[in-house]
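Contents: one structure, followed by commentary.
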Amino acid sequence: MGNNQKNVIELEEVVVKFAGDSGDGMQLTGNQFSDASASFGNDLSTFPDYPSEIRAPQGTVAGVSGFQVHIGNKAVQTPGDLADVLIALNPAALKTNMKWVKPGATIIIDIDNFDNKHYKKAGYIEDPLHDNSLKGYTLIKAPITSLSRATVNSLELDIDHKTADKTRNQFVMGLLFWLFNRDVKKGEEFIVKKFAKKPDLVTINKAVLFAGYNYAETVEAIATQFNINPAKNRKGTFRQVTGNAATAWGLIAGTQKAGVKLFLGSYPITPATEILQELSLHKYLDVKTFQAEDEIAGICSAIGASFAGSLGVTTTSGPGLALKTEAAGLAVITELPLVIVDVQRGGPSTGLPTKTEQSDLMQAIYGRHGESPLPVIAASTPGNCFKFAFEAVRIALEHMTPVILLTDGYLANGTELWEIPNVDKLPEIIPPLVKDNDPDFQPYRRDPEKLNRFWAIPGQEGLQHRIGGLEKSDIYGAVSHDPFNHEVMSKYRAGKVQKIENYIPEQKIIGNPKGGELLIIGWGGTFGALNVAVTELREEGYDISLAHFNYIFPLPKNTKEVFSKFKKHLVCELNLGQFVDYLRSQHPEFSYQQYNKIQGLPFFIKELKNKFKKTLEEK
Amino acid sequence: MGNNQKNVIELEEVVVKFAGDSGDGMQLTGNQFSDASASFGNDLSTFPDYPSEIRAPQGTVAGVSGFQVHIGNKAVQTPGDLADVLIALNPAALKTNMKWVKPGATIIIDIDNFDNKHYKKAGYIEDPLHDNSLKGYTLIKAPITSLSRATVNSLELDIDHKTADKTRNQFVMGLLFWLFNRDVKKGEEFIVKKFAKKPDLVTINKAVLFAGYNYAETVEAIATQFNINPAKNRKGTFRQVTGNAATAWGLIAGTQKAGVKLFLGSYPITPATEILQELSLHKYLDVKTFQAEDEIAGICSAIGASFAGSLGVTTTSGPGLALKTEAAGLAVITELPLVIVDVQRGGPSTGLPTKTEQSDLMQAIYGRHGESPLPVIAASTPGNCFKFAFEAVRIALEHMTPVILLTDGYLANGTELWEIPNVDKLPEIIPPLVKDNDPDFQPYRRDPEKLNRFWAIPGQEGLQHRIGGLEKSDIYGAVSHDPFNHEVMSKYRAGKVQKIENYIPEQKIIGNPKGGELLIIGWGGTFGALNVAVTELREEGYDISLAHFNYIFPLPKNTKEVFSKFKKHLVCELNLGQFVDYLRSQHPEFSYQQYNKIQGLPFFIKELKNKFKKTLEEK
Amino acid sequence: MTQSQTKLTRADFQIDGQVKWCAGCGGYPILAAVQKALPETGVTKENVVFISGIGCSSRFPYYMKTYGFHTLHGRALPIASGLKISRPDLHVWVATGDGDSMAIGGNHFIHTIRRNINLNIMIFNNKIYGLTKGQYSPTTPLGSITKTSPHGTIENPFLPGELTIAAQGTFFARVVDKEPKGMESVFIDAAKHDGTSVIEILQNCVIFNNDIHEQIVAKDVRDDRMILLEHDKKMIFGKENDKGLILDGQEIKAVKIGENGITMDDILVHDKKTQNPNIHYMLARMTYPELPVAIGVIRSVDQPTYEAMLDEQVEHAKKNSKIKDLKGLLHSGNIFEIK
Amino acid sequence: MTQSQTKLTRADFQIDGQVKWCAGCGGYPILAAVQKALPETGVTKENVVFISGIGCSSRFPYYMKTYGFHTLHGRALPIASGLKISRPDLHVWVATGDGDSMAIGGNHFIHTIRRNINLNIMIFNNKIYGLTKGQYSPTTPLGSITKTSPHGTIENPFLPGELTIAAQGTFFARVVDKEPKGMESVFIDAAKHDGTSVIEILQNCVIFNNDIHEQIVAKDVRDDRMILLEHDKKMIFGKENDKGLILDGQEIKAVKIGENGITMDDILVHDKKTQNPNIHYMLARMTYPELPVAIGVIRSVDQPTYEAMLDEQVEHAKKNSKIKDLKGLLHSGNIFEIK
Ligand SMILES: Cc1ncc(C[n+]2csc(CCOP(=O)(O)OP(=O)(O)O)c2C)c(N)n1
Ligand SMILES: Cc1ncc(C[n+]2csc(CCOP(=O)(O)OP(=O)(O)O)c2C)c(N)n1
Ligand code: SF4
Ligand code: SF4
Ligand SMILES: [Mg+2]
Ligand SMILES: [Mg+2]
């Protein structure tokens, strides 16, 4: 097998999109495909795309759920703009996704579902297979449902209809294994592992996998196979990871390195829930999770835990962050360590809850009453959510402050092939603890460098003290209404956060560190797309560089210096211009241009490149 | 009486500070004094100053409560920097207030309370009457308590001790009547009115009033009387009004002019509570107030009322605003009228709850998740809280949007002598209502000019529709996850708010409208102090003008033009620089200097003038 | 309240578009029952408003051809309260989930109830967070394994009826999504009740908590594990109608009629109208297997509503206030004419 | 838990600075009683933490020489919960007001209780918002004139005990600020109870709601209008100890012993330990003038705490997890070695 191919084309990369009903298990199929690709040595990036209804009526456009996988033999940094291969299990899936495929793409449909009834449900007026709309595409009409069923039935195992139909994924998988010229054994292994405890399921799924593979090999329709070689220059131990899992693990890593326990107080909300779910699995690592009655109780329980000497963490998305702002202010004035993770989604209000956006930035920086400064950082790839969750823990503990870590739906649910870090080599984190009975301890005495106060923990002898939301006197921490003390304390709080700039890396330039014509400025989850677009344009000879920010407030110390090396500055964000407004207020000396997209979707590389070229051309 | 004065000095203005225990009724005495002043035709401004404890232990510094009154024969715009006359009922009151009196001020103390016991309670180490610290002041040691008691006792009316002691205020009042060379009849009238139903109280208070008056006239200590003539150039019908009362009345006026009912959903919080209290008194004007279980229920009930065709209003202070931000976002996406009043106080967190500050600005502008634009306006004097509450109602209803109105503790509790507006001459407000069964009605069809949607109200026939927090399709208002629709709707929401700039007045310049050297920029409650400082400096010949903002977001259309007329721009605020950062992001072409104070106190005119002069001198 | 002239039908309340719950979701029969019950309550279409929070259940207003408002997670009740207080003429229904009403919305739940605002609150109790895909809710049974409790929950669940009654509720009923007739009749009773009506609907979530109520509502066991309460009738149950409830000291007990000397006379009569909540509290708390679960209207007592008392105060103020208008208000107190 | 070696005294818990409540505030005797009770609970100073929300009552932690945290209005309980769950070794007390715990904090109140987290919650029930100067609270009697209800309140007040029990509370007691001995002994009982202890303190606010409890607690009437419940003892009251409580059908009734054939044998015995909440619910709800108000420990039953169950799960996971450390976690699942 795998050797008798007719016509194999070598590809650097390919984007495959799986689409079907919400209940069809598209995410699972996509994951299986990407895991298989990883095991063949490809680099990859994935992104799911699902509606806000759980399972809107079958066959309707509202119910279509998708999963996009981008694999390649060079570094893959985004799930890809448009698909080379689309698997559409029904007409609604086809209809929804035709605008997201490349011209000439290969489209595999389950022909069993392409009948009048399904067309109508999907809202088609004409039969898309006969109205010329698919002209120019390579269409593969596979009888996926019927062949899967027939295969299962032939085994005479007394399998019910529903279970039989679930094997369709394996048919698709078999087909793809052939299409990508891969050893189908890997597919077999996956099945054996997944259904380890259910031998019947192993049997039927294996059979259907082979049925798919053989169908592809046999049928005339598929003339070409693709071959994507293993990624070069990437050595090490890798795994797929979503941003949410990486965030959870980064939090664990940070607290372990600090020698404090991790306490998560949270309330479920899309797309942040998986962090809570993930952490609830790791009690054996001394992680405690508390599913609170609401977001306010979530953050408050975390503050209580921090007061008691754990690191309190709370995870949420925009609407939840809104609810947490009052309590965040309490953490600011009491100067307790706390990590707030905001996985941004489409707003305002409930907005587009399953879509991605970067529109909580202003709320993160400014969304508290009074003068309430706190540091804000942002992760930029699914994998580096680990690194920045770790950073959030470090900053919170070493500087005694609440920290907001921004990720987004795109990072949270997307995956990349991530090199597993060496836990032993992660830096130590040193919280400013106090010794029992320290005669010099005062609740608001400060470290002269960082300006943080020290952390005396209930249970410690001789350090009893009281903190709270009323303004406190410098050093001694008594309730104080003194006007000048308030000014002193307000400035300490601001200064403490500003001084974090001395403890974070300088801003890097991707491209020409000496400067040049155009600097692209981005932050957070758009890194993959911006980086690819800039890199490709540089390869094409354009004078363009990228400064992509992970440290938002305070900004890296050299930000002004970096900006001043370039003539033009284009700030790209998935919102209506929040970072650019913030930059204007912080570094008003540059005249920023802006490029914004607010469609609940990530940037596409193509649209970025177009915009960048235009910006370069403009006088 | 009142004619046999020894030595009368004519004054343009005078600042009197009343200080005593929280339970001593200083606010009442102050109010009585200022009402009397008003009835003599003086202009005035007042400001209370009280601790966050209700009645901290008697005689302690923590328990001192104060009330400052500034009266004059020219326009009085602030309660005054420092006092000309201090009435200190005990040593703690003296101790707390000595830093707020002018050199050479007249200090009236209740000598009965100046003994060792009281000194100790107040934390004095040495007797302040004998340690030379009062040198240079005119000290009047009046036996206020003992003479008041004696006066009451002499009436043989069987009055208890507590009640007798309460008459001390009238003793002080009598003393002041004499000191300010006023007809004591006015004081009598006040007493008769106030205790109308309690003849005994009339008798004793009157007696003590005269006792105070006569004491002043008789005793050698007081050598000089002051005379402040009625204010010139002010004709009309006036009353004292606090910012909170003016806000409440402005809300009533606005809804009446719009023909909609007023619904207030609120939760008590200092210093906003009085708006709820005031509105709860006016049910006869069809005002409904709902004291909710928390701030969130407060704003949500208001949103429900707005959906149902009333104008929903919610009132709060910083911590409450933080809690309301999620719901404010719902009002943004559903495009319902709503007024949110934020009476700012010292932050962060519980902060300095009874003190004033301007530090909720960023939260008001940016403190919501997603792209959630809403207009923000600010009142600038106690009296014009009426005007801007009215404006908030107008903008909310005519533009179908939530509006944040910012006031602050200084405006809320301070008073000015306010010219009562002619209700009939207030402008009409015209909400975009829909006719029953209008066949063209669609929930998200928009007015082409203002971009607002229309307001169809439950109960109206043939207009049934559903709104909600999920993104909706343009015009039709169906739930929509369409990427391009989201962009369109996001831009409509932003555009609608931006377009309000066409429906607000242009920014005015106080001083030289042609421009000049230095433009002072302020916003909200600092108007009085900035205006006086700028006006005085202009009179002294300095090239300085003031642009004081009431419309914050959007800014008046001519803002840039106004700024560009001046060489230097100094932004003055009671925070660490929020408006200035906002201006930098909106009009980055100017290089703003900033002057900030964050002490829970208003600006003093003296410190402003110093700063302004320095700024003018700098190169 | 405006009453409809021509009799409405179910179709008057059905939307043209799609209902987007999962196939088999308990939401569908509930929706149908509401659409059938509404015409029986004598309302006009334009005077009915549906308010909801966030959750699968809270999509409800989108599926009703009336005025509707899909609000914020947990906040349906204060929004509905503001609406009803400002417009007592409207008929206001609230659709909410167990999470929406009792997790994030728990405070509004008890406060709305104690105010006795005339709202009809339908709690879709599927004992799980549906929309966020399967985390435990405040009604999830102790020990349940869910996405956020991989080792089992460690929280005692709320009983909605218990909370309702302790928050001084005037109306509480429990119904089952599988029983259209039962739902319709209770919805009509709730609509007629002048005060806060809380209806707990045992709803199935096929995707994340399938068959959670089956232990009680399954066809073959339901007669023995549920008891249908009817006002003024004996509280009897069982396939053979041979079991009943008696009061034994401080406790309700289920007994077999004819056994141990128990006769029909010993069986309690259901009185939903008694002001004293003690027995309603006990009935609402009955859980299987100790006792059958009570279905139907458990409590329905008359008490003045918040909005009626407020309107009375408004009318009273209008009649008695010395100040009559805004001008009068602005000129009240100390006024200074300066000439 | 760490136990103190040398016996502590009241002075160990007194601060050096000023207590800043109004003269005559009910807060003072409560503070004294807590400071006297603590040494009896065998704690060490450094293991005691006081948490509060915002309100006059919530200034409490500033007045105790222990660890303390004055938090946000309404949020004392979730903060205390996080603290206790993460550190079960600490002794955590919560000081809260009727507004703090039952207005803005109502949801946290019922959720904390159902989780049975071992906190000792003192509710200073002065039936008013003190700190904001006199607005009605959720416990203010219907019809009361306050700063925000100039025409009288139109809301049914909560009874803290009723809510506690309906939220599946394991401990509820009621005490009076005027009775130091009663407070001390109940505080000690609460400290010993392993689970959420709710103590309602009838507290006087001299400034904004003076004498609100006098109708019940005034010296001359108290014996007839309050009943002190003691475990395993007959529920009798009255100046002459001649009245008692009986159960009459679904209702508790107050009777005179010796009249109408009632003898001591008919009088109920108080059993605070019975799991069945029915009788505790009724006792907690007793209000004057129908019945005497119950004082003392009404309910105190054993049930596992949230933090104990969680710690068990943690221990179990540590023993049984195949993955043992972070490295193992990162390498679990599908790993690809690329060479
Ligand atoms: C402020 C906020 N927090 C959290 C969420 C996420 N969320 C949406 S629905 C829901 C729970 C739904 O459970 P339930 O109310 O029982 O409704 P069901 O879906 O089961 O009908 C949650 C946690 C949200 N939308 N908003
Ligand atoms: C978020 C927020 N809302 C409102 C307030 C204002 N506030 C402070 S204490 C209080 C009520 C106090 O009443 P209660 O809890 O009964 O305490 P008491 O003062 O009577 O002891 C209110 C409304 C606040 N501080 N924070
Ligand atoms: S997830 Fe459950 S509750 Fe939600 S629509 Fe599907 S079946 Fe219904
Ligand atoms: S206002 Fe009332 S509760 Fe507050 S300290 Fe004074 S007496 Fe105590
Ligand atoms: Mg649910
Ligand atoms: Mg209170």
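Identifiers for the structure tokens are assigned positionally: chains receive A, B, ... in sequence, residues are indexed from 1 per chain, and ligands are indexed from 1 in the order shown.
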Set out as a Markdown table a contact list for chain B and chain D with a cut-off of 8 Å, giving each residue of chain B that qualifies its closest atom pair and distance in Å to one decimal, counting only C-alpha atoms, ordered by chain and rising residue number.
```
| residue | atom | partner | partner_atom | distance |
| --- | --- | --- | --- | --- |
| B:Ser52 | CA | D:Leu131 | CA | 8.0 |
| B:Glu53 | CA | D:Lys20 | CA | 6.8 |
| B:Ile54 | CA | D:Leu131 | CA | 6.3 |
| B:Arg55 | CA | D:Cys22 | CA | 4.7 |
| B:Ala56 | CA | D:Lys20 | CA | 4.4 |
| B:Pro57 | CA | D:Lys20 | CA | 5.7 |
| B:Gln58 | CA | D:Ala23 | CA | 7.9 |
| B:Ala62 | CA | D:Lys20 | CA | 7.9 |
| B:Pro268 | CA | D:Thr132 | CA | 7.0 |
| B:Ile269 | CA | D:Thr132 | CA | 6.5 |
| B:Thr270 | CA | D:Thr132 | CA | 6.4 |
| B:Thr273 | CA | D:Thr132 | CA | 7.8 |
| B:Leu276 | CA | D:Thr148 | CA | 6.9 |
| B:Gln277 | CA | D:Thr148 | CA | 4.9 |
| B:Ser280 | CA | D:Thr148 | CA | 6.2 |
| B:Leu281 | CA | D:Pro150 | CA | 6.5 |
| B:Gln291 | CA | D:Thr148 | CA | 7.5 |
| B:Glu293 | CA | D:Ala103 | CA | 4.7 |
| B:Asp294 | CA | D:Ile104 | CA | 4.6 |
| B:Glu295 | CA | D:Ile104 | CA | 7.8 |
| B:Ser349 | CA | D:Leu72 | CA | 7.9 |
| B:Thr350 | CA | D:Leu72 | CA | 7.3 |
```
*Any idea what's packed within 9 Å of segment 112-119 of chain B, counting only C-alpha atoms, ignoring anything in its chain fewer than 6 positions away? Could you give it as a ChimeraX atom specification?*
/B:59-60,89-92,125-129,141-146
*Taking only C-alpha atoms into account, which residues of chain B are within 6 Å of chain A, as an MDAnalysis selection string?*
chainID B and resid 318:319 322:323 325:326 329:330 347:351 359:360 362:363 366:372 469:471 483:484 486:487 581 584:585 588 598:600
Emit the selected residues as a CSV table (one decimal), in the first residue's frame, including N, CA and C atoms.
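Output below, filename part-v1.csv:
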```csv
chain,number,residue,atom,x,y,z
B,318,GLY,N,-17.8,55.2,41.7
B,318,GLY,CA,-16.8,54.3,41.1
B,318,GLY,C,-17.0,52.8,41.3
B,319,PRO,N,-17.0,52.3,42.5
B,319,PRO,CA,-17.1,50.8,42.6
B,319,PRO,C,-18.4,50.3,42.0
B,322,ALA,N,-18.0,50.2,38.2
B,322,ALA,CA,-17.3,49.0,37.8
B,322,ALA,C,-18.2,47.8,37.7
B,323,LEU,N,-19.1,47.7,38.6
B,323,LEU,CA,-20.1,46.5,38.6
B,323,LEU,C,-21.1,46.7,37.4
B,325,THR,N,-20.5,47.7,34.4
B,325,THR,CA,-20.0,47.8,33.0
B,325,THR,C,-20.5,46.7,32.1
B,326,GLU,N,-20.7,45.5,32.6
B,326,GLU,CA,-21.2,44.5,31.7
B,326,GLU,C,-22.5,44.8,31.2
B,329,GLY,N,-22.7,47.5,28.5
B,329,GLY,CA,-22.4,46.9,27.2
B,329,GLY,C,-23.7,46.3,26.6
B,330,LEU,N,-24.5,45.8,27.4
B,330,LEU,CA,-25.8,45.3,26.8
B,330,LEU,C,-26.6,46.5,26.3
B,347,GLY,N,-10.5,56.9,44.7
B,347,GLY,CA,-10.2,55.5,44.5
B,347,GLY,C,-8.8,55.2,44.7
B,348,PRO,N,-8.3,54.0,44.4
B,348,PRO,CA,-9.0,52.9,43.8
B,348,PRO,C,-9.8,52.1,44.9
B,349,SER,N,-10.5,51.1,44.5
B,349,SER,CA,-11.3,50.3,45.4
B,349,SER,C,-12.1,51.2,46.3
B,350,THR,N,-12.3,50.8,47.6
B,350,THR,CA,-13.1,51.7,48.5
B,350,THR,C,-12.4,53.0,48.7
B,351,GLY,N,-11.1,53.0,48.6
B,351,GLY,CA,-10.4,54.3,48.6
B,351,GLY,C,-10.7,55.3,49.6
B,359,SER,N,-11.2,60.4,39.0
B,359,SER,CA,-10.4,59.3,38.5
B,359,SER,C,-11.2,58.1,37.9
B,360,ASP,N,-12.5,58.4,37.6
B,360,ASP,CA,-13.2,57.3,36.9
B,360,ASP,C,-13.4,57.6,35.4
B,362,MET,N,-11.4,57.2,32.8
B,362,MET,CA,-11.0,56.2,31.8
B,362,MET,C,-12.0,55.0,31.9
B,363,GLN,N,-12.4,54.7,33.1
B,363,GLN,CA,-13.4,53.6,33.2
B,363,GLN,C,-14.7,54.0,32.4
B,366,TYR,N,-13.6,53.9,28.6
B,366,TYR,CA,-13.1,52.6,28.0
B,366,TYR,C,-13.4,51.4,28.8
B,367,GLY,N,-14.1,51.5,29.9
B,367,GLY,CA,-14.2,50.4,30.8
B,367,GLY,C,-15.3,49.3,30.5
B,368,ARG,N,-15.4,49.0,29.2
B,368,ARG,CA,-16.3,47.9,28.9
B,368,ARG,C,-15.6,46.9,27.9
B,369,HIS,N,-16.0,45.6,27.9
B,369,HIS,CA,-15.3,44.7,27.0
B,369,HIS,C,-15.9,44.9,25.6
B,370,GLY,N,-15.1,44.4,24.7
B,370,GLY,CA,-15.5,44.6,23.3
B,370,GLY,C,-15.5,46.0,22.8
B,371,GLU,N,-15.9,46.3,21.6
B,371,GLU,CA,-16.0,47.6,21.1
B,371,GLU,C,-17.3,48.2,21.6
B,372,SER,N,-17.3,48.9,22.7
B,372,SER,CA,-18.5,49.4,23.4
B,372,SER,C,-18.6,50.9,23.5
B,469,GLY,N,-28.2,40.5,23.5
B,469,GLY,CA,-26.8,40.8,23.6
B,469,GLY,C,-26.0,40.1,22.5
B,470,LEU,N,-26.5,39.2,21.8
B,470,LEU,CA,-25.8,38.6,20.6
B,470,LEU,C,-25.8,39.6,19.5
B,471,GLU,N,-24.8,39.6,18.7
B,471,GLU,CA,-24.7,40.5,17.5
B,471,GLU,C,-25.9,40.2,16.6
B,483,PRO,N,-19.4,37.5,9.6
B,483,PRO,CA,-18.3,38.3,9.8
B,483,PRO,C,-18.4,39.7,9.4
B,484,PHE,N,-18.9,39.9,8.1
B,484,PHE,CA,-19.0,41.3,7.6
B,484,PHE,C,-20.1,42.1,8.3
B,486,HIS,N,-20.9,41.9,11.3
B,486,HIS,CA,-20.3,42.3,12.6
B,486,HIS,C,-19.5,43.6,12.4
B,487,GLU,N,-18.7,43.6,11.3
B,487,GLU,CA,-17.9,44.8,11.1
B,487,GLU,C,-18.8,46.0,10.8
B,581,ASP,N,-4.2,61.8,29.0
B,581,ASP,CA,-3.9,60.7,28.2
B,581,ASP,C,-5.0,60.5,27.1
B,584,ARG,N,-4.3,63.0,24.4
B,584,ARG,CA,-3.1,62.5,23.6
B,584,ARG,C,-3.6,61.5,22.6
B,585,SER,N,-4.5,60.6,22.9
B,585,SER,CA,-4.9,59.6,21.9
B,585,SER,C,-5.8,60.2,20.9
B,588,PRO,N,-3.3,63.8,19.1
B,588,PRO,CA,-1.8,63.6,19.5
B,588,PRO,C,-0.9,64.7,19.0
B,598,ILE,N,-4.0,64.5,43.6
B,598,ILE,CA,-4.8,63.4,43.9
B,598,ILE,C,-4.7,63.2,45.4
B,599,GLN,N,-5.5,64.1,46.1
B,599,GLN,CA,-5.5,64.2,47.6
B,599,GLN,C,-6.9,64.1,48.1
B,600,GLY,N,-7.8,63.8,47.3
B,600,GLY,CA,-9.2,63.7,47.7
B,600,GLY,C,-9.8,65.1,48.0
```
*Can you tell me how far atom CA of Cys572 of chain B sits from atom CA of Val534 of chain B, in Å to one decimal?*
12.1 Å
_Based on only C-alpha atoms, which of the residues in chain D come within 6 Å of chain C? I want them as a ChimeraX atom specification._
/D:106-107,114-115,155-156,162-163,166
*Using DSSP on the backbone, list every residue of segment 32-149 of chain C that comes out as strand (DSSP E or B), and give them as an MDAnalysis selection string.*
chainID C and resid 43 48:52 64 67:70 91:97 120:125 129 135 146 149
*Hey, can you check how far atom CA of Met64 of chain C sits from atom 3 (N, counted along the ligand's line) of ligand 1?*
24.2 Å
*Quick one: distance from atom CA of Ser545 of chain B to atom CA of Val571 of chain B in Å, one decimal?*
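About the pair atom CA of Ser545 of chain B and atom CA of Val571 of chain B: they are 12.0 Å apart.
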*Write down as a PyMOL selection string the residues belonging to segment 70-286 of chain C that are assigned helix (DSSP H, G or I) by DSSP computed on the backbone.*
chain C and resi 76-86+98-102+106-115+160-166+180-192+214-217+222-225+264-266+278-285
*Mind checking which residues fall within 9 Å of segment 548-557 of chain A, counting only C-alpha atoms, ignoring those fewer than 3 positions away in the same chain, and posting them as a ChimeraX atom specification?*
/A:365,373-380,388,497-502,504-510,520-524,526-527,530-531,560-561,579,586
Would you export the selected residues with C-alpha atoms as a compact mmCIF listing (two decimals), in the first residue's frame, please?
```txt
# COMPACT_ATOMS: atom_id res chain seq x y z
CA ILE A 365 -5.65 48.68 30.80
CA PRO A 373 -2.86 50.63 37.51
CA LEU A 374 -1.99 46.99 36.90
CA PRO A 375 0.31 45.30 34.39
CA VAL A 376 -1.15 43.83 31.20
CA ILE A 377 0.59 41.26 29.06
CA ALA A 378 -0.56 39.24 26.06
CA ALA A 379 0.31 35.85 24.58
CA SER A 380 0.83 35.60 20.85
CA PHE A 388 3.17 34.28 29.22
CA VAL A 497 3.71 49.06 37.92
CA GLN A 498 5.82 51.38 35.80
CA LYS A 499 8.98 49.91 37.28
CA ILE A 500 8.10 46.50 35.90
CA GLU A 501 9.59 47.82 32.68
CA ASN A 502 12.96 47.17 34.30
CA ILE A 504 10.88 42.60 31.23
CA PRO A 505 12.80 42.08 28.00
CA GLU A 506 13.29 44.84 25.48
CA GLN A 507 11.04 44.96 22.46
CA LYS A 508 12.45 43.02 19.49
CA ILE A 509 12.24 43.86 15.84
CA ILE A 510 11.58 41.10 13.37
CA ILE A 520 4.22 46.83 11.37
CA ILE A 521 3.03 46.94 14.96
CA GLY A 522 0.91 44.22 16.45
CA TRP A 523 0.17 42.63 19.76
CA GLY A 524 -1.18 39.36 21.09
CA THR A 526 -2.22 38.13 15.56
CA PHE A 527 1.47 37.27 15.66
CA LEU A 530 1.63 39.34 10.87
CA ASN A 531 4.89 37.46 11.04
CA LYS A 560 10.22 54.68 21.56
CA GLU A 561 13.66 53.84 20.29
CA PHE A 579 -3.72 49.48 20.88
CA GLN A 586 1.94 56.74 25.50
```
*Please provide as a PyMOL selection string all residues within 10 Å of Glu517 of chain A, with the sequence filter that same-chain residues fewer than 4 positions apart are discarded (counting only C-alpha atoms).*
chain A and resi 512+542-545+565-569+615-616
*Would you mind telling me which residue in B:Leu86, B:Ala292, B:Val341, B:Val202 lies nearest to ligand 2 when using only C-alpha atoms and all ligand atoms?*
B:Ala292
_Just want the 12 Å neighbourhood of Lys74 of chain A, counted on only C-alpha atoms, with same-chain residues fewer than 2 positions away dropped. Output as an NGL selection string._
:A and (11-14 or 41-45 or 70-72 or 76-78 or 228-234 or 417 or 532)
*Contacts of segment 16-27 of chain B within 6 Å, only C-alpha atoms, excl. fewer than 3 positions in-chain, as a list in words*: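 In the requested form, the answer reads Gly30, Arg55, Gly63, Val64, Ser65, Gly66, Phe67, Gln68, Val69, Ala83, Asp84, Val85, Leu86, Ile87, Ala88, Leu89 and Ala93 of chain B.
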